[in-house]
file protein_7.cif (mmCIF, all heavy atoms)
data_work
#
loop_
_atom_site.label_atom_id
_atom_site.label_comp_id
_atom_site.auth_asym_id
_atom_site.auth_seq_id
_atom_site.Cartn_x
_atom_site.Cartn_y
_atom_site.Cartn_z
N MET R 1 -107.28 -129.74 -13.26
CA MET R 1 -105.98 -129.92 -13.92
C MET R 1 -105.26 -128.57 -13.98
O MET R 1 -105.73 -127.63 -14.59
CB MET R 1 -106.20 -130.45 -15.33
CG MET R 1 -104.93 -130.73 -16.06
SD MET R 1 -105.34 -131.55 -17.62
CE MET R 1 -103.96 -131.04 -18.55
N THR R 2 -104.13 -128.50 -13.32
CA THR R 2 -103.34 -127.26 -13.33
C THR R 2 -102.01 -127.54 -14.01
O THR R 2 -101.46 -128.64 -13.93
CB THR R 2 -103.11 -126.75 -11.89
OG1 THR R 2 -102.42 -127.75 -11.15
CG2 THR R 2 -104.41 -126.40 -11.21
N ILE R 3 -101.50 -126.51 -14.64
CA ILE R 3 -100.22 -126.63 -15.32
C ILE R 3 -99.17 -125.92 -14.47
O ILE R 3 -99.33 -124.75 -14.11
CB ILE R 3 -100.27 -125.98 -16.72
CG1 ILE R 3 -101.30 -126.71 -17.58
CG2 ILE R 3 -98.90 -125.99 -17.38
CD1 ILE R 3 -101.54 -126.05 -18.91
N ASN R 4 -98.15 -126.65 -14.13
CA ASN R 4 -97.07 -126.09 -13.34
C ASN R 4 -96.10 -125.40 -14.30
O ASN R 4 -95.38 -126.05 -15.05
CB ASN R 4 -96.37 -127.19 -12.53
CG ASN R 4 -95.43 -126.60 -11.50
OD1 ASN R 4 -95.18 -125.40 -11.49
ND2 ASN R 4 -94.93 -127.45 -10.63
N LEU R 5 -96.09 -124.06 -14.29
CA LEU R 5 -95.29 -123.28 -15.23
C LEU R 5 -93.80 -123.48 -15.00
O LEU R 5 -93.03 -123.51 -15.95
CB LEU R 5 -95.66 -121.80 -15.13
CG LEU R 5 -95.09 -120.88 -16.18
CD1 LEU R 5 -95.56 -121.33 -17.57
CD2 LEU R 5 -95.48 -119.45 -15.93
N LYS R 6 -93.40 -123.67 -13.76
CA LYS R 6 -91.98 -123.84 -13.47
C LYS R 6 -91.43 -125.13 -14.08
O LYS R 6 -90.29 -125.19 -14.51
CB LYS R 6 -91.72 -123.82 -11.97
CG LYS R 6 -91.87 -122.45 -11.35
CD LYS R 6 -91.48 -122.45 -9.89
CE LYS R 6 -91.63 -121.06 -9.32
NZ LYS R 6 -91.20 -120.98 -7.93
N LYS R 7 -92.25 -126.17 -14.14
CA LYS R 7 -91.80 -127.43 -14.73
C LYS R 7 -91.86 -127.40 -16.25
O LYS R 7 -91.03 -128.01 -16.92
CB LYS R 7 -92.65 -128.59 -14.20
CG LYS R 7 -92.37 -128.95 -12.77
CD LYS R 7 -93.17 -130.15 -12.35
CE LYS R 7 -92.89 -130.52 -10.91
NZ LYS R 7 -93.67 -131.69 -10.49
N SER R 8 -92.84 -126.71 -16.79
CA SER R 8 -92.99 -126.70 -18.25
C SER R 8 -92.17 -125.62 -18.94
O SER R 8 -92.00 -125.66 -20.15
CB SER R 8 -94.46 -126.55 -18.61
OG SER R 8 -94.95 -125.31 -18.17
N LEU R 9 -91.65 -124.65 -18.20
CA LEU R 9 -90.88 -123.56 -18.81
C LEU R 9 -89.63 -124.06 -19.54
O LEU R 9 -89.38 -123.60 -20.67
CB LEU R 9 -90.53 -122.51 -17.74
CG LEU R 9 -89.92 -121.22 -18.27
CD1 LEU R 9 -90.90 -120.51 -19.19
CD2 LEU R 9 -89.53 -120.31 -17.13
N PRO R 10 -88.84 -124.97 -19.00
CA PRO R 10 -87.67 -125.46 -19.76
C PRO R 10 -88.07 -126.14 -21.07
O PRO R 10 -87.39 -125.97 -22.09
CB PRO R 10 -87.01 -126.46 -18.81
CG PRO R 10 -87.44 -126.04 -17.45
CD PRO R 10 -88.82 -125.49 -17.63
N ASN R 11 -89.18 -126.87 -21.07
CA ASN R 11 -89.64 -127.52 -22.29
C ASN R 11 -90.09 -126.49 -23.33
O ASN R 11 -89.81 -126.62 -24.52
CB ASN R 11 -90.78 -128.48 -22.00
CG ASN R 11 -90.29 -129.71 -21.25
OD1 ASN R 11 -89.13 -130.08 -21.35
ND2 ASN R 11 -91.18 -130.31 -20.50
N ILE R 12 -90.77 -125.45 -22.86
CA ILE R 12 -91.21 -124.39 -23.77
C ILE R 12 -90.00 -123.68 -24.36
O ILE R 12 -89.97 -123.36 -25.56
CB ILE R 12 -92.13 -123.39 -23.02
CG1 ILE R 12 -93.44 -124.08 -22.63
CG2 ILE R 12 -92.39 -122.17 -23.87
CD1 ILE R 12 -94.32 -123.26 -21.72
N MET R 13 -88.99 -123.43 -23.55
CA MET R 13 -87.78 -122.77 -24.03
C MET R 13 -87.06 -123.63 -25.07
O MET R 13 -86.58 -123.11 -26.08
CB MET R 13 -86.83 -122.45 -22.86
CG MET R 13 -87.36 -121.38 -21.92
SD MET R 13 -87.67 -119.79 -22.74
CE MET R 13 -86.01 -119.33 -23.15
N LYS R 14 -87.00 -124.93 -24.85
CA LYS R 14 -86.36 -125.82 -25.81
C LYS R 14 -87.08 -125.78 -27.16
O LYS R 14 -86.47 -125.73 -28.21
CB LYS R 14 -86.35 -127.26 -25.28
CG LYS R 14 -85.36 -127.49 -24.17
CD LYS R 14 -85.47 -128.92 -23.67
CE LYS R 14 -84.61 -129.14 -22.46
NZ LYS R 14 -84.75 -130.51 -21.92
N ILE R 15 -88.41 -125.79 -27.11
CA ILE R 15 -89.20 -125.76 -28.34
C ILE R 15 -88.98 -124.43 -29.07
O ILE R 15 -88.81 -124.42 -30.29
CB ILE R 15 -90.69 -125.97 -28.01
CG1 ILE R 15 -90.91 -127.40 -27.53
CG2 ILE R 15 -91.57 -125.67 -29.22
CD1 ILE R 15 -92.29 -127.65 -26.97
N LEU R 16 -88.97 -123.33 -28.34
CA LEU R 16 -88.76 -122.02 -28.97
C LEU R 16 -87.37 -121.91 -29.60
O LEU R 16 -87.22 -121.36 -30.70
CB LEU R 16 -88.97 -120.90 -27.94
CG LEU R 16 -90.41 -120.66 -27.51
CD1 LEU R 16 -90.48 -119.61 -26.41
CD2 LEU R 16 -91.27 -120.25 -28.69
N VAL R 17 -86.37 -122.44 -28.93
CA VAL R 17 -85.01 -122.41 -29.48
C VAL R 17 -84.93 -123.26 -30.74
O VAL R 17 -84.33 -122.84 -31.74
CB VAL R 17 -83.98 -122.87 -28.41
CG1 VAL R 17 -82.62 -123.11 -29.04
CG2 VAL R 17 -83.87 -121.83 -27.30
N MET R 18 -85.54 -124.42 -30.73
CA MET R 18 -85.54 -125.28 -31.91
C MET R 18 -86.26 -124.61 -33.09
O MET R 18 -85.79 -124.66 -34.22
CB MET R 18 -86.20 -126.62 -31.60
CG MET R 18 -85.38 -127.51 -30.69
SD MET R 18 -83.78 -127.92 -31.37
CE MET R 18 -84.26 -128.93 -32.75
N MET R 19 -87.37 -123.95 -32.81
CA MET R 19 -88.10 -123.24 -33.86
C MET R 19 -87.27 -122.10 -34.43
O MET R 19 -87.25 -121.87 -35.65
CB MET R 19 -89.44 -122.72 -33.33
CG MET R 19 -90.44 -123.82 -33.08
SD MET R 19 -91.95 -123.27 -32.28
CE MET R 19 -92.61 -122.16 -33.51
N LEU R 20 -86.56 -121.40 -33.57
CA LEU R 20 -85.69 -120.30 -34.02
C LEU R 20 -84.56 -120.83 -34.89
O LEU R 20 -84.24 -120.23 -35.93
CB LEU R 20 -85.13 -119.55 -32.80
CG LEU R 20 -84.21 -118.38 -33.12
CD1 LEU R 20 -84.98 -117.28 -33.83
CD2 LEU R 20 -83.57 -117.86 -31.86
N ILE R 21 -83.97 -121.95 -34.52
CA ILE R 21 -82.89 -122.54 -35.32
C ILE R 21 -83.42 -122.97 -36.68
O ILE R 21 -82.79 -122.69 -37.71
CB ILE R 21 -82.26 -123.73 -34.56
CG1 ILE R 21 -81.48 -123.22 -33.35
CG2 ILE R 21 -81.35 -124.55 -35.48
CD1 ILE R 21 -80.99 -124.30 -32.41
N ILE R 22 -84.56 -123.61 -36.71
CA ILE R 22 -85.14 -124.06 -37.99
C ILE R 22 -85.47 -122.86 -38.87
O ILE R 22 -85.18 -122.85 -40.07
CB ILE R 22 -86.40 -124.92 -37.73
CG1 ILE R 22 -85.98 -126.24 -37.10
CG2 ILE R 22 -87.18 -125.15 -39.02
CD1 ILE R 22 -87.13 -127.07 -36.59
N PHE R 23 -86.06 -121.83 -38.29
CA PHE R 23 -86.40 -120.62 -39.04
C PHE R 23 -85.15 -119.96 -39.61
O PHE R 23 -85.10 -119.58 -40.78
CB PHE R 23 -87.15 -119.65 -38.12
CG PHE R 23 -87.53 -118.37 -38.79
CD1 PHE R 23 -88.58 -118.33 -39.70
CD2 PHE R 23 -86.85 -117.20 -38.51
CE1 PHE R 23 -88.94 -117.14 -40.32
CE2 PHE R 23 -87.19 -116.02 -39.13
CZ PHE R 23 -88.24 -115.98 -40.03
N THR R 24 -84.09 -119.86 -38.80
CA THR R 24 -82.84 -119.24 -39.24
C THR R 24 -82.22 -120.04 -40.38
O THR R 24 -81.77 -119.46 -41.38
CB THR R 24 -81.85 -119.13 -38.07
OG1 THR R 24 -82.47 -118.40 -37.00
CG2 THR R 24 -80.58 -118.43 -38.48
N LEU R 25 -82.17 -121.36 -40.26
CA LEU R 25 -81.59 -122.18 -41.31
C LEU R 25 -82.40 -122.09 -42.61
O LEU R 25 -81.83 -122.08 -43.70
CB LEU R 25 -81.51 -123.64 -40.84
CG LEU R 25 -80.47 -123.93 -39.76
CD1 LEU R 25 -80.58 -125.37 -39.31
CD2 LEU R 25 -79.07 -123.62 -40.25
N THR R 26 -83.69 -121.98 -42.49
CA THR R 26 -84.54 -121.84 -43.67
C THR R 26 -84.24 -120.54 -44.40
O THR R 26 -84.10 -120.51 -45.62
CB THR R 26 -86.03 -121.88 -43.27
OG1 THR R 26 -86.28 -123.11 -42.59
CG2 THR R 26 -86.92 -121.77 -44.49
N ILE R 27 -84.10 -119.45 -43.67
CA ILE R 27 -83.80 -118.15 -44.27
C ILE R 27 -82.42 -118.18 -44.93
O ILE R 27 -82.25 -117.70 -46.05
CB ILE R 27 -83.85 -117.03 -43.20
CG1 ILE R 27 -85.27 -116.90 -42.65
CG2 ILE R 27 -83.37 -115.71 -43.78
CD1 ILE R 27 -86.31 -116.47 -43.68
N VAL R 28 -81.43 -118.75 -44.27
CA VAL R 28 -80.07 -118.79 -44.82
C VAL R 28 -80.05 -119.63 -46.09
O VAL R 28 -79.42 -119.25 -47.08
CB VAL R 28 -79.08 -119.34 -43.76
CG1 VAL R 28 -77.74 -119.67 -44.38
CG2 VAL R 28 -78.91 -118.34 -42.64
N ASN R 29 -80.73 -120.77 -46.10
CA ASN R 29 -80.74 -121.62 -47.29
C ASN R 29 -81.45 -120.96 -48.46
O ASN R 29 -81.06 -121.15 -49.60
CB ASN R 29 -81.41 -122.96 -46.98
CG ASN R 29 -80.49 -123.87 -46.19
OD1 ASN R 29 -79.28 -123.73 -46.24
ND2 ASN R 29 -81.07 -124.80 -45.47
N ASN R 30 -82.48 -120.18 -48.21
CA ASN R 30 -83.18 -119.49 -49.29
C ASN R 30 -82.34 -118.40 -49.91
O ASN R 30 -82.47 -118.12 -51.10
CB ASN R 30 -84.50 -118.90 -48.78
CG ASN R 30 -85.57 -119.96 -48.64
OD1 ASN R 30 -85.48 -121.02 -49.23
ND2 ASN R 30 -86.58 -119.66 -47.85
N LYS R 31 -81.47 -117.77 -49.16
CA LYS R 31 -80.63 -116.72 -49.70
C LYS R 31 -79.50 -117.29 -50.56
O LYS R 31 -78.99 -116.62 -51.44
CB LYS R 31 -80.04 -115.86 -48.58
CG LYS R 31 -81.06 -114.96 -47.95
CD LYS R 31 -80.44 -114.02 -46.96
CE LYS R 31 -81.49 -113.09 -46.39
NZ LYS R 31 -80.92 -112.12 -45.48
N ASP R 32 -79.11 -118.53 -50.32
CA ASP R 32 -78.01 -119.14 -51.07
C ASP R 32 -78.44 -119.62 -52.45
O ASP R 32 -77.60 -119.84 -53.31
CB ASP R 32 -77.42 -120.32 -50.29
CG ASP R 32 -76.62 -119.85 -49.08
OD1 ASP R 32 -76.25 -118.67 -49.05
OD2 ASP R 32 -76.38 -120.67 -48.18
N ILE R 33 -79.73 -119.78 -52.67
CA ILE R 33 -80.21 -120.28 -53.96
C ILE R 33 -80.14 -119.15 -54.97
O ILE R 33 -80.70 -118.08 -54.77
CB ILE R 33 -81.66 -120.81 -53.84
CG1 ILE R 33 -81.68 -122.00 -52.88
CG2 ILE R 33 -82.20 -121.18 -55.20
CD1 ILE R 33 -83.09 -122.48 -52.57
N GLU R 34 -79.41 -119.39 -56.06
CA GLU R 34 -79.30 -118.39 -57.10
C GLU R 34 -80.26 -118.73 -58.23
O GLU R 34 -80.41 -119.89 -58.59
CB GLU R 34 -77.86 -118.34 -57.64
CG GLU R 34 -76.85 -117.88 -56.62
CD GLU R 34 -75.44 -117.85 -57.19
OE1 GLU R 34 -75.30 -117.97 -58.41
OE2 GLU R 34 -74.52 -117.70 -56.41
N GLU R 35 -80.86 -117.71 -58.78
CA GLU R 35 -81.76 -117.93 -59.90
C GLU R 35 -80.93 -118.10 -61.16
O GLU R 35 -79.95 -117.40 -61.38
CB GLU R 35 -82.70 -116.74 -60.07
CG GLU R 35 -83.74 -116.65 -58.99
CD GLU R 35 -84.72 -115.52 -59.27
OE1 GLU R 35 -84.90 -115.18 -60.45
OE2 GLU R 35 -85.27 -115.01 -58.31
N THR R 36 -81.35 -119.03 -61.99
CA THR R 36 -80.69 -119.22 -63.27
C THR R 36 -81.39 -118.35 -64.29
O THR R 36 -82.60 -118.39 -64.44
CB THR R 36 -80.78 -120.70 -63.70
OG1 THR R 36 -80.19 -121.50 -62.67
CG2 THR R 36 -80.07 -120.93 -65.01
N ILE R 37 -80.59 -117.54 -64.98
CA ILE R 37 -81.14 -116.65 -65.99
C ILE R 37 -80.81 -117.23 -67.35
O ILE R 37 -79.64 -117.44 -67.69
CB ILE R 37 -80.56 -115.23 -65.85
CG1 ILE R 37 -80.92 -114.66 -64.47
CG2 ILE R 37 -81.07 -114.33 -66.97
CD1 ILE R 37 -80.26 -113.35 -64.16
N LEU R 38 -81.84 -117.54 -68.11
CA LEU R 38 -81.65 -118.08 -69.43
C LEU R 38 -81.51 -116.94 -70.43
O LEU R 38 -82.31 -116.01 -70.44
CB LEU R 38 -82.82 -118.97 -69.82
CG LEU R 38 -83.05 -120.20 -68.95
CD1 LEU R 38 -84.30 -120.94 -69.38
CD2 LEU R 38 -81.85 -121.12 -69.04
N THR R 39 -80.49 -117.03 -71.26
CA THR R 39 -80.30 -116.01 -72.27
C THR R 39 -80.26 -116.66 -73.64
O THR R 39 -79.92 -117.83 -73.79
CB THR R 39 -78.98 -115.24 -72.05
OG1 THR R 39 -77.90 -116.17 -72.08
CG2 THR R 39 -78.99 -114.51 -70.72
N SER R 40 -80.61 -115.91 -74.64
CA SER R 40 -80.63 -116.42 -75.99
C SER R 40 -79.70 -115.58 -76.85
O SER R 40 -79.70 -114.36 -76.79
CB SER R 40 -82.05 -116.36 -76.57
OG SER R 40 -82.00 -116.73 -77.92
N SER R 41 -78.89 -116.25 -77.65
CA SER R 41 -77.97 -115.53 -78.53
C SER R 41 -78.44 -115.58 -79.98
O SER R 41 -77.72 -115.23 -80.89
CB SER R 41 -76.56 -116.12 -78.43
OG SER R 41 -76.57 -117.47 -78.84
N GLN R 42 -79.66 -116.00 -80.19
CA GLN R 42 -80.17 -116.12 -81.55
C GLN R 42 -80.36 -114.76 -82.21
O GLN R 42 -80.26 -114.64 -83.43
CB GLN R 42 -81.50 -116.88 -81.56
CG GLN R 42 -81.33 -118.34 -81.20
CD GLN R 42 -82.68 -119.05 -81.10
OE1 GLN R 42 -83.72 -118.41 -81.17
NE2 GLN R 42 -82.64 -120.36 -80.94
N GLY R 43 -80.60 -113.73 -81.46
CA GLY R 43 -80.82 -112.41 -82.02
C GLY R 43 -79.54 -111.67 -82.34
O GLY R 43 -79.56 -110.60 -82.92
N LEU R 44 -78.40 -112.24 -81.99
CA LEU R 44 -77.12 -111.57 -82.23
C LEU R 44 -76.57 -111.97 -83.60
O LEU R 44 -76.76 -113.07 -84.07
CB LEU R 44 -76.11 -111.94 -81.14
CG LEU R 44 -76.50 -111.56 -79.72
CD1 LEU R 44 -75.43 -112.04 -78.74
CD2 LEU R 44 -76.67 -110.05 -79.60
N SER R 45 -75.84 -111.05 -84.20
CA SER R 45 -75.25 -111.30 -85.50
C SER R 45 -73.75 -111.50 -85.35
O SER R 45 -73.10 -110.83 -84.54
CB SER R 45 -75.52 -110.12 -86.44
OG SER R 45 -74.81 -110.28 -87.64
N ASN R 46 -73.19 -112.42 -86.12
CA ASN R 46 -71.75 -112.66 -86.09
C ASN R 46 -71.03 -111.91 -87.21
O ASN R 46 -69.84 -112.08 -87.39
CB ASN R 46 -71.46 -114.16 -86.21
CG ASN R 46 -71.82 -114.89 -84.94
OD1 ASN R 46 -71.76 -114.33 -83.86
ND2 ASN R 46 -72.18 -116.16 -85.08
N LYS R 47 -71.73 -111.08 -87.96
CA LYS R 47 -71.11 -110.34 -89.07
C LYS R 47 -70.22 -109.25 -88.54
O LYS R 47 -70.54 -108.60 -87.55
CB LYS R 47 -72.20 -109.71 -89.95
CG LYS R 47 -73.05 -110.71 -90.69
CD LYS R 47 -74.06 -109.97 -91.56
CE LYS R 47 -74.99 -110.94 -92.24
NZ LYS R 47 -76.03 -110.23 -92.99
N LYS R 48 -69.11 -109.04 -89.24
CA LYS R 48 -68.22 -107.94 -88.89
C LYS R 48 -68.82 -106.65 -89.43
O LYS R 48 -69.42 -106.61 -90.48
CB LYS R 48 -66.85 -108.13 -89.54
CG LYS R 48 -65.90 -108.94 -88.75
CD LYS R 48 -64.52 -108.85 -89.38
CE LYS R 48 -63.51 -109.56 -88.55
NZ LYS R 48 -62.20 -109.48 -89.16
N LEU R 49 -68.61 -105.60 -88.69
CA LEU R 49 -69.06 -104.30 -89.18
C LEU R 49 -67.96 -103.71 -90.04
O LEU R 49 -66.80 -103.66 -89.66
CB LEU R 49 -69.34 -103.36 -88.00
CG LEU R 49 -70.53 -103.71 -87.11
CD1 LEU R 49 -70.62 -102.73 -85.95
CD2 LEU R 49 -71.81 -103.70 -87.90
N ASP R 50 -68.32 -103.30 -91.25
CA ASP R 50 -67.34 -102.67 -92.14
C ASP R 50 -67.18 -101.22 -91.74
O ASP R 50 -68.16 -100.52 -91.49
CB ASP R 50 -67.82 -102.74 -93.60
CG ASP R 50 -67.84 -104.18 -94.11
OD1 ASP R 50 -67.01 -104.97 -93.63
OD2 ASP R 50 -68.69 -104.50 -94.97
N GLY R 51 -65.95 -100.80 -91.66
CA GLY R 51 -65.67 -99.40 -91.36
C GLY R 51 -66.01 -98.55 -92.57
O GLY R 51 -65.27 -98.51 -93.53
N GLU R 52 -67.14 -97.89 -92.55
CA GLU R 52 -67.57 -97.11 -93.70
C GLU R 52 -67.02 -95.71 -93.64
O GLU R 52 -66.94 -95.03 -92.71
CB GLU R 52 -69.08 -97.09 -93.83
CG GLU R 52 -69.62 -98.46 -94.07
CD GLU R 52 -71.15 -98.45 -94.14
OE1 GLU R 52 -71.78 -97.58 -93.53
OE2 GLU R 52 -71.69 -99.35 -94.78
#

call {"tool": "encode", "arguments": {"input": "protein_7.cif", "output": "structure tokens"}}
result
Amino acid sequence: MTINLKKSLPNIMKILVMMLIIFTLTIVNNKDIEETILTSSQGLSNKKLDGE
């Protein structure tokens, strides 16, 4: 059983291009996701500061 490289080369190239496209889209989608930062305002005071 021999593999004819000339016949299989276009198929290999198609697979590599598809893998590159999938990899690129994965990287782009991961950069677009923003992390949500939860903050708490319970430690803040609403009192006015008196000018002493």

call {"tool": "atom_distance", "arguments": {"input": "protein_7.cif", "atom1": "atom CA of R:Asn4", "atom2": "atom CB of R:Val17"}}
result
20.2 Å

call {"tool": "atom_distance", "arguments": {"input": "protein_7.cif", "atom1": "atom CA of R:Thr24", "atom2": "atom CA of R:Ile12"}}
result
18.3 Å

call {"tool": "atom_distance", "arguments": {"input": "protein_7.cif", "atom1": "atom OG1 of R:Thr26", "atom2": "atom C of R:Asn11"}}
result
19.9 Å
